[in-house]
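So this one's target-v2.txt, compact mmCIF, C-alpha atoms:
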# COMPACT_ATOMS: atom_id res chain seq x y z
CA MET A 1 -4.94 25.78 -16.63
CA LEU A 2 -5.10 25.51 -20.42
CA SER A 3 -5.62 28.84 -22.17
CA ALA A 4 -8.95 29.39 -23.92
CA GLU A 5 -7.25 29.67 -27.32
CA SER A 6 -5.35 26.42 -26.88
CA ALA A 7 -8.40 24.64 -25.47
CA THR A 8 -10.32 25.42 -28.66
CA VAL A 9 -7.53 24.03 -30.83
CA VAL A 10 -6.98 20.93 -28.68
CA ARG A 11 -10.69 20.16 -28.63
CA ALA A 12 -10.83 20.37 -32.42
CA THR A 13 -7.71 18.27 -33.01
CA LEU A 14 -7.96 15.72 -30.18
CA PRO A 15 -9.81 13.11 -32.30
CA ALA A 16 -7.14 13.22 -35.02
CA VAL A 17 -4.25 13.27 -32.57
CA GLY A 18 -5.79 10.51 -30.50
CA GLU A 19 -6.27 8.31 -33.56
CA ALA A 20 -2.63 8.82 -34.55
CA LEU A 21 -1.10 8.49 -31.08
CA ASP A 22 -0.07 4.86 -31.50
CA GLU A 23 1.92 5.67 -34.63
CA ILE A 24 3.25 8.87 -33.06
CA THR A 25 4.53 7.09 -29.96
CA THR A 26 6.00 4.27 -32.06
CA ARG A 27 8.04 6.76 -34.10
CA PHE A 28 8.86 8.74 -30.96
CA TYR A 29 10.47 5.80 -29.17
CA GLY A 30 12.25 4.63 -32.33
CA ALA A 31 13.86 8.02 -32.95
CA MET A 32 14.70 8.71 -29.31
CA PHE A 33 16.38 5.35 -28.74
CA ARG A 34 18.25 5.68 -32.03
CA ASP A 35 19.75 9.02 -30.98
CA ARG A 36 19.84 8.47 -27.20
CA PRO A 37 20.52 4.74 -26.70
CA GLU A 38 21.64 5.39 -23.12
CA LEU A 39 17.98 5.84 -22.17
CA LEU A 40 17.31 2.20 -22.99
CA ASP A 41 20.06 1.22 -20.54
CA GLY A 42 18.30 1.11 -17.19
CA MET A 43 15.45 3.53 -17.90
CA PHE A 44 13.04 1.69 -20.21
CA ASN A 45 12.11 -1.99 -20.14
CA ARG A 46 12.83 -3.73 -23.46
CA GLY A 47 10.01 -6.21 -22.96
CA ASN A 48 7.47 -3.40 -22.59
CA GLN A 49 8.89 -1.79 -25.71
CA ALA A 50 8.75 -4.99 -27.75
CA GLY A 51 5.21 -5.79 -26.65
CA GLY A 52 3.97 -2.25 -27.28
CA THR A 53 2.61 -1.76 -23.76
CA GLN A 54 4.88 1.21 -23.04
CA ARG A 55 3.82 3.18 -26.09
CA ARG A 56 0.14 2.41 -25.48
CA ALA A 57 0.47 3.60 -21.89
CA LEU A 58 2.16 6.81 -23.03
CA ALA A 59 -0.51 7.42 -25.65
CA GLY A 60 -3.22 6.83 -23.08
CA SER A 61 -1.67 9.20 -20.56
CA ILE A 62 -1.39 12.02 -23.11
CA ALA A 63 -4.95 11.56 -24.34
CA GLY A 64 -6.23 11.19 -20.78
CA PHE A 65 -4.52 14.35 -19.59
CA ALA A 66 -5.73 16.40 -22.59
CA THR A 67 -9.27 15.13 -22.15
CA ALA A 68 -9.22 15.97 -18.45
CA LEU A 69 -8.04 19.52 -19.21
CA LEU A 70 -10.94 20.02 -21.59
CA GLU A 71 -13.61 18.46 -19.37
CA HIS A 72 -12.48 20.06 -16.10
CA PRO A 73 -10.29 23.10 -16.92
CA ASP A 74 -9.86 24.14 -13.28
CA VAL A 75 -9.11 20.67 -11.89
CA ARG A 76 -5.90 18.72 -12.39
CA PRO A 77 -6.32 14.95 -12.85
CA ASP A 78 -4.56 14.09 -9.61
CA ALA A 79 -5.06 10.33 -9.78
CA LEU A 80 -3.50 10.10 -13.23
CA LEU A 81 -0.61 12.45 -12.38
CA SER A 82 0.14 10.76 -9.07
CA ARG A 83 0.38 7.31 -10.65
CA ILE A 84 2.69 8.50 -13.43
CA ALA A 85 4.88 10.48 -11.02
CA HIS A 86 5.43 7.44 -8.79
CA LYS A 87 6.29 5.29 -11.83
CA HIS A 88 8.74 7.96 -13.03
CA ALA A 89 10.38 8.35 -9.62
CA ALA A 90 10.79 4.58 -9.38
CA VAL A 91 13.01 4.59 -12.49
CA GLY A 92 14.85 7.82 -11.68
CA VAL A 93 13.35 10.27 -14.17
CA THR A 94 14.90 13.76 -13.95
CA ASP A 95 13.75 17.20 -15.09
CA ASP A 96 16.06 17.40 -18.12
CA GLN A 97 14.57 14.26 -19.63
CA TYR A 98 11.26 16.04 -20.20
CA THR A 99 13.05 18.31 -22.68
CA ILE A 100 14.41 15.26 -24.51
CA VAL A 101 10.99 13.63 -24.63
CA HIS A 102 9.43 16.86 -25.89
CA LYS A 103 11.88 17.08 -28.78
CA TYR A 104 11.25 13.57 -30.08
CA LEU A 105 7.54 13.43 -29.28
CA PHE A 106 6.76 16.61 -31.18
CA GLY A 107 9.07 15.57 -33.99
CA ALA A 108 7.10 12.34 -34.33
CA MET A 109 3.82 14.25 -34.18
CA ALA A 110 4.93 16.49 -37.08
CA GLU A 111 6.03 13.46 -39.12
CA VAL A 112 2.76 11.58 -38.66
CA LEU A 113 0.29 14.46 -38.99
CA GLY A 114 2.25 16.48 -41.53
CA ASP A 115 0.70 19.76 -42.65
CA ALA A 116 -2.11 19.37 -40.11
CA VAL A 117 0.39 20.48 -37.46
CA THR A 118 0.11 24.20 -38.05
CA PRO A 119 1.92 26.66 -35.77
CA GLU A 120 -1.34 27.10 -33.83
CA VAL A 121 -1.81 23.34 -33.40
CA ALA A 122 1.81 22.88 -32.35
CA ALA A 123 1.55 25.71 -29.82
CA ALA A 124 -1.67 24.34 -28.31
CA TRP A 125 -0.32 20.82 -27.85
CA ASP A 126 2.97 22.25 -26.61
CA GLU A 127 0.97 23.95 -23.87
CA VAL A 128 -0.70 20.65 -22.98
CA TYR A 129 2.66 18.89 -22.83
CA TRP A 130 4.32 21.43 -20.56
CA LEU A 131 1.31 21.67 -18.28
CA MET A 132 1.56 17.92 -17.80
CA ALA A 133 5.35 17.92 -17.57
CA GLY A 134 5.38 20.79 -15.08
CA ALA A 135 2.85 19.06 -12.84
CA LEU A 136 4.86 15.83 -12.95
CA ILE A 137 8.19 17.54 -12.32
CA GLY A 138 6.77 19.17 -9.19
CA ARG A 139 5.29 15.92 -7.91
CA GLU A 140 8.45 13.95 -8.61
CA ALA A 141 10.56 16.52 -6.79
CA ARG A 142 8.38 16.06 -3.71
CA LEU A 143 8.58 12.28 -4.01
CA TYR A 144 12.38 12.37 -4.14
CA GLN A 145 12.44 14.72 -1.16
CA ASP A 146 10.09 12.50 0.86
CA ALA A 147 12.22 9.47 0.01
CA GLY A 148 15.37 11.27 1.17
CA VAL A 149 17.17 10.90 -2.16
CA GLU A 150 18.52 13.28 -4.79
CA PRO A 151 16.44 13.48 -7.99
CA GLY A 152 17.21 10.41 -10.06
CA ARG A 153 19.67 9.01 -7.48
CA ILE A 154 17.32 6.34 -6.20
CA TRP A 155 19.50 3.22 -6.23
CA ARG A 156 20.97 1.27 -3.34
CA GLN A 157 22.59 -2.15 -2.93
CA TRP A 158 20.76 -4.86 -0.97
CA THR A 159 22.03 -8.28 0.09
CA VAL A 160 19.92 -11.40 -0.44
CA VAL A 161 19.55 -12.92 3.03
CA GLU A 162 17.28 -15.76 1.93
CA ARG A 163 15.84 -17.13 -1.29
CA ARG A 164 12.66 -19.20 -1.05
CA THR A 165 10.68 -20.98 -3.75
CA GLU A 166 6.97 -20.23 -3.28
CA THR A 167 5.42 -22.01 -6.29
CA PRO A 168 6.86 -23.55 -9.46
CA ASP A 169 7.04 -20.10 -11.07
CA THR A 170 7.49 -17.71 -8.12
CA VAL A 171 10.39 -17.12 -5.75
CA SER A 172 10.83 -14.72 -2.82
CA PHE A 173 14.00 -12.81 -1.94
CA LEU A 174 14.50 -11.54 1.62
CA LEU A 175 16.81 -8.52 1.54
CA ARG A 176 18.76 -6.22 3.85
CA PRO A 177 20.69 -3.00 3.01
CA ALA A 178 24.23 -3.98 1.99
CA ASP A 179 25.70 -0.79 3.47
CA GLY A 180 24.40 -1.52 6.98
CA ARG A 181 22.34 1.67 7.12
CA ARG A 182 18.65 1.70 7.95
CA ALA A 183 16.17 0.65 5.34
CA PRO A 184 14.28 3.58 3.77
CA ARG A 185 10.73 4.26 4.85
CA ALA A 186 8.12 2.30 2.95
CA ARG A 187 4.34 2.00 3.10
CA ALA A 188 2.32 -1.20 2.90
CA GLY A 189 1.36 -1.75 -0.73
CA GLN A 190 4.30 0.09 -2.33
CA TYR A 191 6.87 -1.31 -4.75
CA VAL A 192 10.56 -1.00 -5.60
CA SER A 193 12.38 -1.16 -8.91
CA VAL A 194 15.01 -3.88 -9.31
CA ARG A 195 17.85 -2.98 -11.69
CA VAL A 196 19.99 -5.76 -13.16
CA ARG A 197 22.68 -6.04 -15.83
CA MET A 198 21.71 -8.40 -18.61
CA PRO A 199 24.21 -10.70 -20.40
CA ASP A 200 24.59 -8.15 -23.24
CA GLY A 201 25.65 -5.47 -20.73
CA VAL A 202 22.42 -3.46 -20.85
CA HIS A 203 20.70 -2.67 -17.55
CA GLN A 204 17.03 -3.55 -17.30
CA LEU A 205 14.57 -2.89 -14.51
CA ARG A 206 11.22 -4.05 -13.25
CA GLN A 207 8.96 -3.08 -10.35
CA TYR A 208 8.06 -5.57 -7.62
CA SER A 209 5.74 -5.05 -4.66
CA LEU A 210 7.08 -5.32 -1.14
CA SER A 211 5.44 -8.57 -0.04
CA SER A 212 6.36 -8.42 3.67
CA ASP A 213 5.81 -5.87 6.43
CA PRO A 214 7.55 -2.74 5.08
CA GLY A 215 8.13 -1.41 8.58
CA ARG A 216 10.98 -3.83 9.26
CA GLU A 217 14.65 -3.67 8.34
CA LEU A 218 14.41 -6.79 6.18
CA ARG A 219 12.36 -6.35 3.01
CA ARG A 220 10.97 -9.00 0.69
CA ILE A 221 10.03 -9.11 -2.96
CA THR A 222 8.25 -12.04 -4.59
CA VAL A 223 8.98 -12.53 -8.28
CA LYS A 224 6.92 -14.45 -10.80
CA ARG A 225 8.79 -15.71 -13.85
CA VAL A 226 7.14 -14.07 -16.86
CA ALA A 227 6.75 -16.62 -19.64
CA GLY A 228 6.79 -15.47 -23.24
CA THR A 229 3.69 -15.51 -25.45
CA ALA A 230 2.96 -14.89 -29.10
CA GLU A 231 2.39 -11.21 -28.28
CA GLU A 232 4.87 -10.63 -25.43
CA PRO A 233 8.50 -11.71 -24.93
CA ALA A 234 9.59 -13.58 -21.83
CA GLY A 235 10.50 -11.39 -18.87
CA GLU A 236 14.22 -10.64 -18.93
CA VAL A 237 14.46 -9.42 -15.35
CA SER A 238 12.29 -12.14 -13.80
CA GLY A 239 14.19 -14.80 -15.74
CA LEU A 240 17.56 -13.54 -14.54
CA LEU A 241 16.38 -13.30 -10.92
CA HIS A 242 15.06 -16.86 -11.02
CA GLU A 243 18.12 -18.33 -12.68
CA GLN A 244 21.07 -16.39 -11.28
CA VAL A 245 20.31 -14.69 -7.93
CA HIS A 246 20.90 -16.64 -4.72
CA GLU A 247 21.58 -16.10 -1.03
CA GLY A 248 24.58 -13.81 -0.50
CA ASP A 249 24.21 -12.03 -3.84
CA GLU A 250 23.45 -8.32 -4.10
CA LEU A 251 20.59 -6.63 -5.89
CA THR A 252 20.19 -2.98 -6.87
CA LEU A 253 16.88 -1.61 -5.59
CA SER A 254 15.25 1.79 -5.84
CA ALA A 255 13.71 3.65 -2.96
CA PRO A 256 10.08 2.54 -2.39
CA PHE A 257 7.39 4.30 -4.42
CA GLY A 258 3.75 3.74 -5.40
CA ASP A 259 0.59 5.73 -4.79
CA VAL A 260 -1.55 2.71 -3.81
CA PHE A 261 -0.72 2.05 -0.17
CA LEU A 262 -2.34 1.75 3.23
CA ASP A 263 -2.51 5.33 4.48
CA GLU A 264 -2.01 5.36 8.24
CA LYS A 265 -4.11 8.51 8.61
CA ALA A 266 -6.84 8.20 6.00
CA ASP A 267 -7.13 4.42 6.33
CA ALA A 268 -6.77 4.18 10.11
CA ALA A 269 -10.31 2.87 10.63
CA GLY A 270 -13.09 1.21 8.72
CA PRO A 271 -13.20 -2.10 6.88
CA LEU A 272 -10.65 -3.15 4.24
CA VAL A 273 -11.25 -5.43 1.26
CA LEU A 274 -8.18 -6.86 -0.48
CA VAL A 275 -9.04 -8.21 -3.94
CA SER A 276 -6.38 -9.98 -6.01
CA ALA A 277 -5.60 -12.65 -8.58
CA GLY A 278 -2.36 -14.42 -9.41
CA ILE A 279 0.79 -12.54 -8.45
CA GLY A 280 -1.44 -9.56 -7.54
CA CYS A 281 -1.48 -11.08 -4.04
CA THR A 282 1.98 -9.64 -3.27
CA PRO A 283 1.00 -6.08 -2.24
CA MET A 284 -1.91 -7.60 -0.30
CA ALA A 285 0.54 -9.80 1.62
CA GLY A 286 2.51 -6.68 2.56
CA ILE A 287 -0.65 -4.95 3.76
CA LEU A 288 -1.72 -7.99 5.81
CA ALA A 289 1.74 -8.32 7.38
CA HIS A 290 1.68 -4.66 8.35
CA LEU A 291 -1.80 -4.97 9.88
CA GLU A 292 -0.63 -7.97 11.91
CA SER A 293 2.48 -6.12 13.10
CA VAL A 294 0.43 -3.23 14.51
CA GLY A 295 -2.24 -5.47 16.07
CA ALA A 296 -5.07 -4.20 13.86
CA THR A 297 -8.60 -5.25 14.85
CA ARG A 298 -10.52 -3.64 11.99
CA PRO A 299 -12.61 -5.80 9.62
CA VAL A 300 -10.48 -7.16 6.76
CA LEU A 301 -11.85 -9.26 3.89
CA VAL A 302 -9.28 -11.03 1.68
CA LEU A 303 -10.56 -12.19 -1.72
CA HIS A 304 -8.19 -14.00 -4.08
CA ALA A 305 -8.51 -15.97 -7.33
CA ASP A 306 -5.92 -18.31 -8.81
CA ARG A 307 -5.46 -21.33 -11.04
CA SER A 308 -5.04 -23.78 -8.14
CA PRO A 309 -3.88 -23.88 -4.51
CA ALA A 310 -0.44 -25.01 -5.73
CA ASP A 311 -0.21 -21.90 -7.94
CA HIS A 312 -1.39 -19.52 -5.20
CA THR A 313 1.72 -17.63 -4.13
CA LEU A 314 2.02 -17.01 -0.36
CA ARG A 315 -1.19 -18.97 0.23
CA THR A 316 -0.18 -20.49 3.59
CA GLU A 317 1.26 -17.20 4.81
CA THR A 318 -1.94 -15.39 3.86
CA ARG A 319 -4.02 -17.92 5.79
CA ASP A 320 -1.73 -17.55 8.83
CA LEU A 321 -1.91 -13.75 8.77
CA VAL A 322 -5.71 -13.81 8.44
CA ALA A 323 -5.89 -16.18 11.42
CA GLN A 324 -3.84 -13.73 13.53
CA LEU A 325 -6.09 -10.75 12.71
CA PRO A 326 -9.25 -10.92 14.84
CA GLY A 327 -11.34 -9.02 12.33
CA ALA A 328 -10.14 -10.79 9.17
CA ARG A 329 -11.52 -13.55 6.97
CA ALA A 330 -10.60 -14.87 3.52
CA ASP A 331 -12.34 -16.37 0.49
CA PHE A 332 -10.38 -18.07 -2.31
CA TRP A 333 -11.46 -19.11 -5.82
CA TYR A 334 -9.58 -21.73 -7.85
CA GLU A 335 -10.10 -22.84 -11.43
CA ARG A 336 -8.66 -26.23 -10.40
CA PRO A 337 -9.54 -26.78 -6.71
CA GLY A 338 -7.36 -28.97 -4.50
CA PRO A 339 -7.52 -30.66 -1.09
CA GLU A 340 -5.25 -27.99 0.40
CA GLU A 341 -8.21 -25.58 0.42
CA PRO A 342 -11.37 -27.65 0.91
CA ALA A 343 -13.54 -24.59 1.59
CA ALA A 344 -12.43 -22.70 -1.53
CA ARG A 345 -14.85 -21.79 -4.29
CA THR A 346 -14.57 -23.18 -7.81
CA GLY A 347 -14.03 -21.13 -10.94
CA LEU A 348 -13.39 -17.43 -11.49
CA MET A 349 -14.03 -14.86 -8.78
CA ASP A 350 -17.75 -14.24 -8.38
CA LEU A 351 -18.67 -11.62 -5.79
CA SER A 352 -22.43 -12.10 -6.06
CA GLY A 353 -22.48 -14.24 -2.93
CA VAL A 354 -20.03 -12.12 -0.94
CA GLU A 355 -21.23 -9.51 1.53
CA LEU A 356 -19.21 -6.36 0.81
CA PRO A 357 -19.34 -3.39 3.20
CA SER A 358 -20.19 -0.24 1.22
CA ASP A 359 -17.92 1.86 3.43
CA ALA A 360 -14.86 -0.33 2.82
CA THR A 361 -11.59 0.80 1.30
CA VAL A 362 -10.81 -1.66 -1.50
CA PHE A 363 -7.36 -2.54 -2.81
CA LEU A 364 -7.33 -4.28 -6.18
CA CYS A 365 -4.43 -5.97 -8.00
CA GLY A 366 -4.01 -8.63 -10.66
CA PRO A 367 -4.13 -9.06 -14.45
CA LEU A 368 -5.95 -6.21 -16.19
CA PRO A 369 -8.91 -8.32 -17.44
CA PHE A 370 -9.43 -9.61 -13.90
CA MET A 371 -9.26 -6.11 -12.40
CA ARG A 372 -11.75 -4.68 -14.87
CA ASP A 373 -14.21 -7.50 -14.16
CA ALA A 374 -13.68 -7.35 -10.38
CA ARG A 375 -14.11 -3.58 -10.36
CA ALA A 376 -17.37 -3.86 -12.29
CA GLN A 377 -18.61 -6.40 -9.74
CA LEU A 378 -17.57 -4.15 -6.86
CA LEU A 379 -19.39 -1.18 -8.37
CA GLY A 380 -22.43 -3.36 -8.98
CA ALA A 381 -22.37 -4.36 -5.32
CA GLY A 382 -22.57 -0.72 -4.28
CA VAL A 383 -18.93 0.06 -3.53
CA PRO A 384 -18.25 3.68 -4.61
CA ALA A 385 -15.59 4.14 -7.31
CA ARG A 386 -13.63 6.56 -5.12
CA ARG A 387 -13.07 3.77 -2.58
CA ILE A 388 -11.46 1.36 -5.07
CA ARG A 389 -7.68 1.67 -5.45
CA TYR A 390 -5.84 -0.39 -8.01
CA GLU A 391 -2.23 -1.29 -8.73
CA VAL A 392 -1.00 -2.28 -12.20
CA PHE A 393 2.24 -4.20 -12.70
CA GLY A 394 4.09 -2.60 -15.63
CA PRO A 395 2.83 0.22 -17.87
CA ASP A 396 -0.65 1.33 -16.84
CA LEU A 397 -3.03 0.60 -19.71
CA TRP A 398 -5.94 1.72 -17.53
CA LEU A 399 -4.72 5.32 -17.53
CA PRO A 400 -6.90 6.90 -20.26
CA ASN A 401 -9.90 6.85 -17.93
CA PRO A 402 -8.87 5.66 -14.46
CA THR A 403 -12.29 6.39 -12.98
CA ALA A 404 -14.24 4.34 -15.50
Structure translated into structure tokens:
Amino acid sequence: MLSAESATVVRATLPAVGEALDEITTRFYGAMFRDRPELLDGMFNRGNQAGGTQRRALAGSIAGFATALLEHPDVRPDALLSRIAHKHAAVGVTDDQYTIVHKYLFGAMAEVLGDAVTPEVAAAWDEVYWLMAGALIGREARLYQDAGVEPGRIWRQWTVVERRTETPDTVSFLLRPADGRRAPRARAGQYVSVRVRMPDGVHQLRQYSLSSDPGRELRRITVKRVAGTAEEPAGEVSGLLHEQVHEGDELTLSAPFGDVFLDEKADAAGPLVLVSAGIGCTPMAGILAHLESVGATRPVLVLHADRSPADHTLRTETRDLVAQLPGARADFWYERPGPEEPAARTGLMDLSGVELPSDATVFLCGPLPFMRDARAQLLGAGVPARRIRYEVFGPDLWLPNPTA
């Protein structure tokens, strides 16, 4: 709980700090990587740094946590903390790194805000930082314990058993543990980090959802090649996986993490709605495969939007899984329809003609603009916000207000 004295100072300075957070985080990363270049080797994704998504996500998480402390002093923002903790565990963050981040973050804050950072202001924001860091450290320790790994020691070698092209820009890799030991426990909807060495010798990593039944010894990831744009560079990890990784090769994977998964206890009954677009179908495929493996009979509604049937990754597999689940049905939307899906709808996803059960648990994944629009439609259809769970690939730019 934030002290009353610090709460007063944080409330008064939050607008100024929030306005400066983008510049603060830019300077923070620049100084930290200058002095500690080893952190850029296998801890931070260079594409996210170059595109600015990492610093915007960090700024949003700080502002979101501070705002939550002021609005609800006795309640920790569990959704925000859980999501960050899983992301941290998936890249191997350890306790000592919070001290490093503190040093450079507060140094950047002093540089940007200058004399406005009085001892009282510094002390108040220091309290905010360590409240957040302490909560995350505790959560991450439990995640490492549950995963059966030492803090930060999350990596394991996996052998590529099969490589399969799904669409022109997506490929699946079927994997088994290279050491012959059992695969770690995973839940349907979770992801793993893939760590690769780039041609310049620097390790880079990216998270990919488990796109097959996570209860089996063989695991699958499905990777979309990330093309470069004017604002974002091409994906280094996805490009290397597409171009250089084949059957018989080994990949370095983390233990499975992710707070958006099918909970066997809480989600054991009641209808499910799986809403996705583009490569956001991959965690949904894992959930469907798990439901099929346990013989689920509950109502399941699969809703997916894509450019065309040819671009729809795992389309045939999704149809097959839906056909094997007695309570399941699927609706697809395509901007460019094709004969492969004669019953599909045309255009962007429009839920106005879809009957949505108000008591359903909804899983949502896809590009951020799609998820924001789909979530608004779900809320408009009467689905409570607490029943909508979302997964973001990469830094979470939805963090500042995850319930909005």
Excluding segment 30-41 of chain A and residues on its chain fewer than 5 positions from it, collect all residues at most 10 Å away from it, counting only C-alpha atoms, and give them as a PyMOL selection string.
chain A and resi 24-25+46+49+97+100-101+103-105+107-108+197-198+201-205
From the set A:Ala330, A:Val112, A:Leu240, A:Ala79, which residue has the shortest atom-to-atom contact distance to Asp22 of chain A, counting only C-alpha atoms?
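Going through A:Ala330, A:Val112, A:Leu240, A:Ala79 one by one, the smallest distance to Asp22 of chain A is for A:Val112.
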For atom CA of Thr313 of chain A and atom CA of Gly235 of chain A, the interatomic separation in Å (one decimal):
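Here the two named atoms are 18.3 Å from each other.
Pairwise distance (atom CA of Gln244 of chain A, atom CA of Val160 of chain A) equals 12.0 Å.
Candidate residues A:Asn45, A:Thr346, A:Thr167, A:Ser6 were compared for distance to Tyr129 of chain A, and the nearest is A:Ser6, using all atoms listed in the file.
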Near Ile287 of chain A, within 6 Å and counting only C-alpha atoms, which residues show up once chain neighbours fewer than 3 positions away are dropped, as a PDB file with C-alpha atoms, in the coordinates of the input?
ATOM      1  CA  ALA A 188       2.320  -1.200   2.900  1.00  0.00           C
ATOM      2  CA  GLY A 189       1.360  -1.750  -0.730  1.00  0.00           C
ATOM      3  CA  MET A 284      -1.910  -7.600  -0.300  1.00  0.00           C
ATOM      4  CA  HIS A 290       1.680  -4.660   8.350  1.00  0.00           C
TER       5      HIS A 290
END
Which residue is closest to Gly215 of chain A? Choose from A:Ser254, A:Thr170, A:Ser293, A:Gln54 and count all atoms listed in the file.
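The answer is A:Ser293, which sits nearest to Gly215 of chain A.
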Test item: residues at most 8 Å from segment 85-96 of chain A, all atoms listed in the file, excluding those fewer than 4 positions along its chain, as a list in words
Gly42, Met43, Leu81, Ile100, Leu136, Ile137, Arg139, Glu140, Leu143, Tyr144, Pro151, Gly152, Arg153, Ile154, Val192, Ser193, Leu205, Gln207, Ser254, Ala255, Pro256, Phe257, Gly258 and Asp259 of chain A
For Ala381 of chain A, please output as a list in words all residues within 12 Å (counting all atoms listed in the file; exclusion window: fewer than 2 positions along the same chain).
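Skipping anything fewer than 2 positions along the chain leaves Asp350, Leu351, Ser352, Gly353, Val354, Glu355, Leu356, Pro357, Ser358, Asp359, Ala360, Ala374, Arg375, Ala376, Gln377, Leu378, Leu379, Val383, Pro384 and Ala385 of chain A.
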Let me see the file: selected residues, C-alpha atoms, as a JSON list (two decimals), in the coordinates of the input.
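Result file again_9.json:
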[["chain", "number", "residue", "atom", "x", "y", "z"],
["A", 350, "ASP", "CA", -17.75, -14.24, -8.38],
["A", 351, "LEU", "CA", -18.67, -11.62, -5.79],
["A", 352, "SER", "CA", -22.43, -12.10, -6.06],
["A", 353, "GLY", "CA", -22.48, -14.24, -2.93],
["A", 354, "VAL", "CA", -20.03, -12.12, -0.94],
["A", 355, "GLU", "CA", -21.23, -9.51, 1.53],
["A", 356, "LEU", "CA", -19.21, -6.36, 0.81],
["A", 357, "PRO", "CA", -19.34, -3.39, 3.20],
["A", 358, "SER", "CA", -20.19, -0.24, 1.22],
["A", 359, "ASP", "CA", -17.92, 1.86, 3.43],
["A", 360, "ALA", "CA", -14.86, -0.33, 2.82],
["A", 374, "ALA", "CA", -13.68, -7.35, -10.38],
["A", 375, "ARG", "CA", -14.11, -3.58, -10.36],
["A", 376, "ALA", "CA", -17.37, -3.86, -12.29],
["A", 377, "GLN", "CA", -18.61, -6.40, -9.74],
["A", 378, "LEU", "CA", -17.57, -4.15, -6.86],
["A", 379, "LEU", "CA", -19.39, -1.18, -8.37],
["A", 383, "VAL", "CA", -18.93, 0.06, -3.53],
["A", 384, "PRO", "CA", -18.25, 3.68, -4.61],
["A", 385, "ALA", "CA", -15.59, 4.14, -7.31]]
Please measure the separation of atom CA of Leu368 of chain A and atom CA of Tyr98 of chain A, giving the value in Å to one decimal.
28.4 Å
Choose the residue, out of A:Trp125, A:Arg11, A:Pro214, A:Thr99, that has the smallest atom-to-atom separation from Ile62 of chain A; count all atoms listed in the file.
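Ranked by minimum distance to Ile62 of chain A, first place goes to A:Trp125.
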Tell me which protein, DNA and RNA residues are within 9 Å of Gly295 of chain A, counting all atoms listed in the file, leaving out same-chain ones fewer than 2 positions away, and put them as a VMD selection string.
chain A and resid 290 to 293 297 324 to 326
With the input short on atoms, add N, CA and C atoms back to segment 149-161 of chain A and write it as a CSV table (one decimal), keeping the file's coordinate frame.
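So the final result, stored in result07.csv, reads:
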chain,number,residue,atom,x,y,z
A,149,VAL,N,16.2,11.1,-1.1
A,149,VAL,CA,17.2,10.9,-2.2
A,149,VAL,C,17.3,12.1,-3.1
A,150,GLU,N,18.4,12.3,-3.8
A,150,GLU,CA,18.5,13.3,-4.8
A,150,GLU,C,17.7,12.9,-6.0
A,151,PRO,N,17.2,13.8,-6.8
A,151,PRO,CA,16.4,13.5,-8.0
A,151,PRO,C,17.2,12.5,-8.9
A,152,GLY,N,16.6,11.4,-9.2
A,152,GLY,CA,17.2,10.4,-10.1
A,152,GLY,C,18.2,9.5,-9.4
A,153,ARG,N,18.7,9.8,-8.2
A,153,ARG,CA,19.7,9.0,-7.5
A,153,ARG,C,18.9,8.1,-6.5
A,154,ILE,N,18.3,7.1,-7.0
A,154,ILE,CA,17.3,6.3,-6.2
A,154,ILE,C,17.9,5.0,-5.8
A,155,TRP,N,19.1,4.6,-6.3
A,155,TRP,CA,19.5,3.2,-6.2
A,155,TRP,C,20.4,2.9,-5.0
A,156,ARG,N,20.2,1.7,-4.5
A,156,ARG,CA,21.0,1.3,-3.3
A,156,ARG,C,21.2,-0.2,-3.4
A,157,GLN,N,22.3,-0.7,-2.9
A,157,GLN,CA,22.6,-2.2,-2.9
A,157,GLN,C,22.0,-2.9,-1.7
A,158,TRP,N,21.4,-4.0,-2.0
A,158,TRP,CA,20.8,-4.9,-1.0
A,158,TRP,C,21.3,-6.3,-1.1
A,159,THR,N,21.5,-6.9,0.1
A,159,THR,CA,22.0,-8.3,0.1
A,159,THR,C,20.9,-9.3,0.2
A,160,VAL,N,20.9,-10.3,-0.5
A,160,VAL,CA,19.9,-11.4,-0.4
A,160,VAL,C,20.2,-12.2,0.8
A,161,VAL,N,19.4,-12.2,1.8
A,161,VAL,CA,19.6,-12.9,3.0
A,161,VAL,C,19.0,-14.3,2.9
